[in-house]
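Enquirer: Structure in structure tokens, see below.
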Amino acid sequence: MSDTQTVRPVEADQAVQLSYLEAPAARRARLSTGALLTILGVGFLILGVQVRGEARFALSTPFDPVQLPTIALPSTVTVLLCAVITLAVGVGYLTGRVPRGATSGLGALAAVAVFLGFVSWAAAGAAYPFPVGNQLAGTIALATPLVLGALGGVLCENSGVVNVAIEGQFLVAALTAATVGSVTGSITAALIGAAAAGVAMAALLALFSLRYLVDQVVLGVVLNLLATGVTGFLFDQLIQPNSGTLNNAPNMQSIRIPVLADIPLLGSVLFDQKILVYIAVASVIAVTFLLYRTRWGLRVRAVGEHPHAADTVGISVLAVRWQAVLLGGVFAGLGGAFFTIGSTGGFIKDITVGNGFIALAALIMGRWHPVRAALMAVFFGFITQLASQMQTLQTPMPSQFLLMLPYLATIIAVAGLIGRVRAPAADGVPYVK
Amino acid sequence: MSEQQSGLELRGITKRFGTFVANDHVDLDVRPGEIHCLLGENGAGKSTLMNVLYGIYQPDGGEILIDGHPQHFANPKQAMAAGIGMVHQHFMLVDVFTVAENLMLGREGGFVLDRARATAKVRELSERYGMPVEPDALVEDLPVGVQQRVEILKALANDARFLVFDEPTAVLTPQEIDDLIAVMRSLRAEGKGIVFITHKLREVRAIADRITVMRRGRIVGHAEPGTSEAELAELMVGRAVDLRVDKEPARPGEVRLRVRDLRVANSAGGVVVDGVGFDVRGGEILCIAGVQGNGQSELADALIGNITPLSGTVELDGVDITRAGPARSIAAGMGFVPEDREDDGFVASFSIAENLVLNRFDQPPFARGLALDLGAIADNAERLRQEFDIRSQGVSDTLASLSGGNKQKVVLARELSRELSLLVASQPTRGVDVGAIEFLHKRIVDERDKGTAVVLVSTELDEVEALADRVAVMYRGRVVGTVDPRTPRDVLGLMMAGVPYEEAVAAAGPSAPPGSTADSPTTTSGRRTP
């Protein structure tokens, strides 16, 4: 042995001291973000010079008990100010002069400037003030199913099963909620029915992906087509002819939380809401707790990252994956219910209009974490609502462009602002001993 | 057996896969407080045997006894409950979990995780067995040697009495191997029974109390710890193996590779090659020695062009290839054997024949216009298969079906099958069995003798001694010194820790012949005082 003995490196236990430069990936992200902000800043400069009049923001609707003032901003100054901020941050990113600790803070500032500049320009000289309350309320309404759908996906994918069938789960659950609600007249029954429908779809996903090892992306696409076909068929053949009895579900009523709901502006938005909104918020907390604080969650993440390791300590990989996929179905189902009993009450064909895919995008952009995924869902809700508000304001922008906004925001967010995303290591990989 | 025996015993274990008999009536036993080495080449059936013991496979015959009582393990959990712990070759650790989370997985206690308790448990175990590890560190951030410590602690956390180490040193640096051997000794002192699976002879001699040799699914012999390496190798391979590489003294020609002041950053942005310069002449082998992670891998990647250097120059036969990508480097005459052959060396799902032309499939004779000449590719493969002794059913087998040594033969055969000016080989024999190592080394020396410049990156001092004509020792991204391969190991070891040659010779003491072997060490930069 003596001849193999090598001498311990000096300070072997200390991390190797290296002079650090910027990693190539970080550099790319910085440059693309900087370029984007610079382009937007220049655009705002041009718009700011042309824009005339005042941009008005209504903080309250006429029905609010506490009336807040309508704020009027000189649009030229506001847009130009936002342009300068955006431009400054953009150039700072491009030249790398932004101090290390301040990058995310300045990024957020630039995001606010982009939003404010855009709205000020759009609302300038409009007949009506920009309704801030509507914007917030609409955001919540649009985001609720997205949050629930993304949570369903979070559970599923953290266990290692890719779920692109959120859309299908939404659709089947929306139909079930409408029919069960119509027949029973009960919101609770409708919600239970929707959750059960979500679980049923999840069971199909689990059966074919876990037992028959079907490619999970292809399977998800097929399940979405199946959902479209089945709900379309049932709607045409069964529900439409009997719409009085089968498609006449009660709507959820808002539940007002005393005191909190009286807070001006935010109170009525956050604390005078439908039960599903509260369920969505509670679900985010519950799923986060489940995944990161409980035995079950540890096992779910373990089988999603390294199923073999989980197996060697006696965890049944398939059982844990089944549980996670089925529980995910509950949340996706509840999200689907929002499209019918959460809004108009009636089901129409393809009522979910691709929201399942937006939920999937939120899940990926939220990097498979429940809280981040929920925040991304809210972001999508915000942008979608903004687009529809803009249409009613009659801005100079073509409405088709506005409808494109949510998807444009997705691309920008994914490409530049989010950077590297890493899925659970075994996501989509079937486990075979 | 009539008397009650304390310990673990495998009796007549037989395991078949279809018609293939992986284990044929294998007997093995280990008593508390001893280290039993199970020696054998890759594919000898060692891992199958251990998977039977750990409940992953069910045996077709034979029985497992603990303290004389027959056991039946339907799954790993039952084996663990019976006191068997396994340190897997590919760690069974979840990378994105902390050390504590990995240790509690599968035995979490209540429904809600008790992290404080898990952290305390890690601290307690790591103190008790003298294996320092930070409970809250993410596993993916830890060096491989520390990850292995976590894997060992995981087995110990379960109160394992018998520990199986499956090829534990394959992924470790020399320093980490020393640490591991110390840990195994202290576990033996604690009364644990240890089965140590390996094919590295030096380690066996260093630590074994008893040695059992397996070949082709059978026990072919037992040996005493004092048995010479040559005898062990012969027992293991089944024929006499020449552990020394026969090579003529180098006849260096013109300088072919000229590297000057090279600086390279890794993906995280750290400067890991910092001002390295050297020349390699045709017909000589320059070994880049050093502990894993001192910039050798990135240096090799920069030479082939996988990473673009920050600054400096690389010239091959007078052509500047500093910023060339792999395609241009290959065209300039560079052959490259990557460090991670599974990821970078071949396409596992392609056939042997296809893999053998991966770097030339678009050139004649293998391409005719836009089409591949399958006949020429098959002929080429058949010729190389015989020349390089690639053991397979045929050249249309996928690479995935080959053993590690044969995979590496395919990689080397591909690189050497054309005229080269420079061969860069990174860890060419890592995870390769003894018989194949002998062959690979011989081919590398043959290539040198054809006048090719060879750069060999290796962390194995055995390999450095066997092959190098000159040794450049790297430490923290710099070349500490370039020395003769006959430099004593103590001196090389000190240099690998950053000590310059003269000081290393002084520190290594009288055993080192003063300055007699070094050819005026050219210390490029980066002198550190210990």
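Residues in the structure tokens are named by chain (A, B, ... in the order shown) and by number from 1 within that chain; ligands are numbered from 1 in the order shown.
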With a distance cut-off of 6 Å and only C-alpha atoms, select the neighbouring residues of Gly217 of chain B, excluding the residue or stretch itself and same-chain residues fewer than 2 positions from it, and output the selection as a short mmCIF file (atom, residue, chain, number, x, y, z; two decimals) with N, CA and C atoms, in the first residue's frame.

Expert:
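Written out: selection18.cif:
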```cif
data_model
loop_
_atom_site.label_atom_id
_atom_site.label_comp_id
_atom_site.auth_asym_id
_atom_site.auth_seq_id
_atom_site.Cartn_x
_atom_site.Cartn_y
_atom_site.Cartn_z
N ALA B 22 -25.50 -16.75 -15.43
CA ALA B 22 -24.69 -15.64 -14.91
C ALA B 22 -23.96 -16.06 -13.64
N ASN B 23 -24.61 -16.90 -12.82
CA ASN B 23 -23.97 -17.43 -11.61
C ASN B 23 -24.20 -18.93 -11.60
N ASP B 24 -23.11 -19.67 -11.45
CA ASP B 24 -23.21 -21.12 -11.51
C ASP B 24 -22.70 -21.70 -10.19
N ALA B 44 -18.15 -10.92 -15.17
CA ALA B 44 -17.86 -12.22 -14.57
C ALA B 44 -19.03 -12.72 -13.71
N GLY B 45 -20.00 -11.85 -13.45
CA GLY B 45 -21.16 -12.26 -12.66
C GLY B 45 -21.16 -11.76 -11.23
N ARG B 215 -14.89 -15.96 -12.39
CA ARG B 215 -14.72 -15.82 -13.83
C ARG B 215 -15.87 -16.54 -14.52
#
```

Enquirer: Could you name the residues that touch segment 188-201 of chain B at 8 Å or less, counting only C-alpha atoms, but leaving out those on the same chain fewer than 5 positions away, as a ChimeraX atom specification?

Expert: /B:7,30-42,46,160-169,229,232-233,433-434

Enquirer: Keeping N, CA, C and O atoms, export the residues of the selection given above as a tab-separated table (two decimals), in the first residue's frame.

Expert:
```
chain	number	residue	atom	x	y	z
B	7	GLY	N	-22.40	-14.84	10.64
B	7	GLY	CA	-21.97	-14.24	9.38
B	7	GLY	C	-22.97	-14.47	8.27
B	7	GLY	O	-24.05	-15.03	8.47
B	30	VAL	N	-19.05	-14.17	4.30
B	30	VAL	CA	-18.32	-13.08	4.93
B	30	VAL	C	-18.70	-13.05	6.41
B	30	VAL	O	-19.86	-13.23	6.77
B	31	ARG	N	-17.66	-12.92	7.24
B	31	ARG	CA	-17.90	-12.90	8.68
B	31	ARG	C	-17.79	-11.47	9.19
B	31	ARG	O	-17.13	-10.64	8.55
B	32	PRO	N	-18.41	-11.19	10.33
B	32	PRO	CA	-18.28	-9.83	10.88
B	32	PRO	C	-16.81	-9.50	11.10
B	32	PRO	O	-16.04	-10.35	11.53
B	33	GLY	N	-16.43	-8.27	10.81
B	33	GLY	CA	-15.08	-7.83	11.08
B	33	GLY	C	-14.05	-8.30	10.07
B	33	GLY	O	-12.88	-8.37	10.37
B	34	GLU	N	-14.49	-8.62	8.85
B	34	GLU	CA	-13.51	-8.94	7.82
B	34	GLU	C	-13.91	-8.32	6.49
B	34	GLU	O	-15.07	-7.97	6.27
B	35	ILE	N	-12.90	-8.16	5.64
B	35	ILE	CA	-13.15	-7.65	4.30
B	35	ILE	C	-12.86	-8.77	3.31
B	35	ILE	O	-11.75	-9.27	3.23
B	36	HIS	N	-13.91	-9.15	2.61
B	36	HIS	CA	-13.79	-10.24	1.65
B	36	HIS	C	-13.85	-9.64	0.25
B	36	HIS	O	-14.86	-9.06	-0.12
B	37	CYS	N	-12.77	-9.78	-0.49
B	37	CYS	CA	-12.75	-9.21	-1.84
B	37	CYS	C	-13.29	-10.20	-2.84
B	37	CYS	O	-12.88	-11.36	-2.86
B	38	LEU	N	-14.19	-9.71	-3.67
B	38	LEU	CA	-14.70	-10.52	-4.77
B	38	LEU	C	-14.11	-9.91	-6.04
B	38	LEU	O	-14.46	-8.81	-6.44
B	39	LEU	N	-13.20	-10.67	-6.63
B	39	LEU	CA	-12.42	-10.13	-7.74
B	39	LEU	C	-12.90	-10.79	-9.02
B	39	LEU	O	-13.15	-11.99	-9.06
B	40	GLY	N	-12.99	-10.00	-10.07
B	40	GLY	CA	-13.39	-10.58	-11.35
B	40	GLY	C	-13.51	-9.50	-12.38
B	40	GLY	O	-13.70	-8.33	-12.04
B	41	GLU	N	-13.39	-9.90	-13.64
B	41	GLU	CA	-13.50	-8.92	-14.71
B	41	GLU	C	-14.95	-8.47	-14.86
B	41	GLU	O	-15.87	-9.09	-14.34
B	42	ASN	N	-15.13	-7.41	-15.65
B	42	ASN	CA	-16.49	-7.00	-15.97
B	42	ASN	C	-17.20	-8.16	-16.65
B	42	ASN	O	-16.63	-8.80	-17.52
B	46	LYS	N	-20.23	-10.83	-10.92
B	46	LYS	CA	-20.15	-10.31	-9.54
B	46	LYS	C	-21.39	-9.50	-9.19
B	46	LYS	O	-21.98	-9.68	-8.13
B	160	ALA	N	-26.94	-1.62	8.91
B	160	ALA	CA	-26.46	-2.77	8.15
B	160	ALA	C	-25.31	-3.44	8.90
B	160	ALA	O	-24.43	-2.77	9.44
B	161	ARG	N	-25.33	-4.76	8.94
B	161	ARG	CA	-24.21	-5.51	9.53
B	161	ARG	C	-23.25	-5.95	8.44
B	161	ARG	O	-22.08	-6.17	8.69
B	162	PHE	N	-23.81	-6.15	7.25
B	162	PHE	CA	-22.97	-6.59	6.14
B	162	PHE	C	-23.07	-5.54	5.03
B	162	PHE	O	-24.17	-5.17	4.63
B	163	LEU	N	-21.93	-5.09	4.57
B	163	LEU	CA	-21.94	-4.03	3.55
B	163	LEU	C	-21.32	-4.57	2.28
B	163	LEU	O	-20.25	-5.20	2.30
B	164	VAL	N	-22.01	-4.31	1.18
B	164	VAL	CA	-21.48	-4.70	-0.12
B	164	VAL	C	-21.04	-3.44	-0.85
B	164	VAL	O	-21.84	-2.53	-1.05
B	165	PHE	N	-19.77	-3.36	-1.22
B	165	PHE	CA	-19.27	-2.23	-2.01
B	165	PHE	C	-19.10	-2.71	-3.44
B	165	PHE	O	-18.21	-3.51	-3.72
B	166	ASP	N	-19.95	-2.22	-4.34
B	166	ASP	CA	-19.91	-2.67	-5.73
B	166	ASP	C	-19.03	-1.72	-6.53
B	166	ASP	O	-19.43	-0.59	-6.81
B	167	GLU	N	-17.83	-2.15	-6.89
B	167	GLU	CA	-16.89	-1.34	-7.66
B	167	GLU	C	-16.82	0.09	-7.14
B	167	GLU	O	-17.03	1.04	-7.90
B	168	PRO	N	-16.52	0.26	-5.87
B	168	PRO	CA	-16.65	1.61	-5.29
B	168	PRO	C	-15.58	2.58	-5.78
B	168	PRO	O	-15.74	3.78	-5.69
B	169	THR	N	-14.45	2.07	-6.28
B	169	THR	CA	-13.35	2.97	-6.59
B	169	THR	C	-13.34	3.41	-8.04
B	169	THR	O	-12.51	4.23	-8.43
B	229	GLU	N	0.26	-9.38	-7.78
B	229	GLU	CA	-0.72	-8.86	-8.73
B	229	GLU	C	-0.78	-9.72	-9.99
B	229	GLU	O	-1.85	-9.94	-10.56
B	232	LEU	N	-2.83	-12.79	-9.32
B	232	LEU	CA	-4.25	-12.45	-9.24
B	232	LEU	C	-4.82	-12.19	-10.63
B	232	LEU	O	-5.91	-12.65	-10.96
B	233	ALA	N	-4.05	-11.46	-11.43
B	233	ALA	CA	-4.53	-11.14	-12.77
B	233	ALA	C	-4.70	-12.41	-13.59
B	233	ALA	O	-5.69	-12.56	-14.32
B	433	ASP	N	-11.78	-3.71	-18.16
B	433	ASP	CA	-11.17	-4.82	-17.45
B	433	ASP	C	-9.71	-5.03	-17.86
B	433	ASP	O	-9.23	-4.50	-18.86
B	434	VAL	N	-9.04	-5.82	-17.05
B	434	VAL	CA	-7.58	-5.94	-17.17
B	434	VAL	C	-7.14	-6.37	-18.57
B	434	VAL	O	-6.23	-5.81	-19.16
```

Enquirer: What's around Ser75 of chain A at 10 Å? Count only C-alpha atoms, leave out sequence neighbours fewer than 2 positions away in its own chain, and write the answer as a PyMOL selection string.

Expert: chain A and resi 48-56+72-73+77-81+117+119-125

Enquirer: Which residue, A:Asp236, A:Glu305, A:Glu157, A:Glu167, has the smallest gap to chain B when you use only C-alpha atoms?

Expert: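 Using only C-alpha atoms, the shortest distance to chain B belongs to A:Glu305.
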
Enquirer: Give me, as a list in words, the residues of segment 7-155 of chain A that a backbone DSSP run labels strand (DSSP E or B).

Expert: Tyr20, Glu54, Ala55, Arg56, Phe57, Ala58, Thr70, Ile71, Ala72, Leu73, Pro74, Ala124, Phe130 and Pro131 of chain A

Enquirer: Name the residues in contact with segment 215-222 of chain A at a cut-off of 7 Å, using only C-alpha atoms, excluding same-chain residues fewer than 3 positions from it; report them as a list in words.

Expert: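 Within the cut-off, the hits are Val162, Asn163, Val164, Ala165, Ser209, Leu225, Leu226 and Gly428 of chain A.
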
Enquirer: Could you name the residues that touch segment 126-141 of chain A at 9 Å or less, counting only C-alpha atoms, but leaving out those on the same chain fewer than 4 positions away, as a PyMOL selection string?

Expert: chain A and resi 53-61+70-72+119-120+122+145+265-266+268-270+277+338+342-343+378-386+389-390+393-395
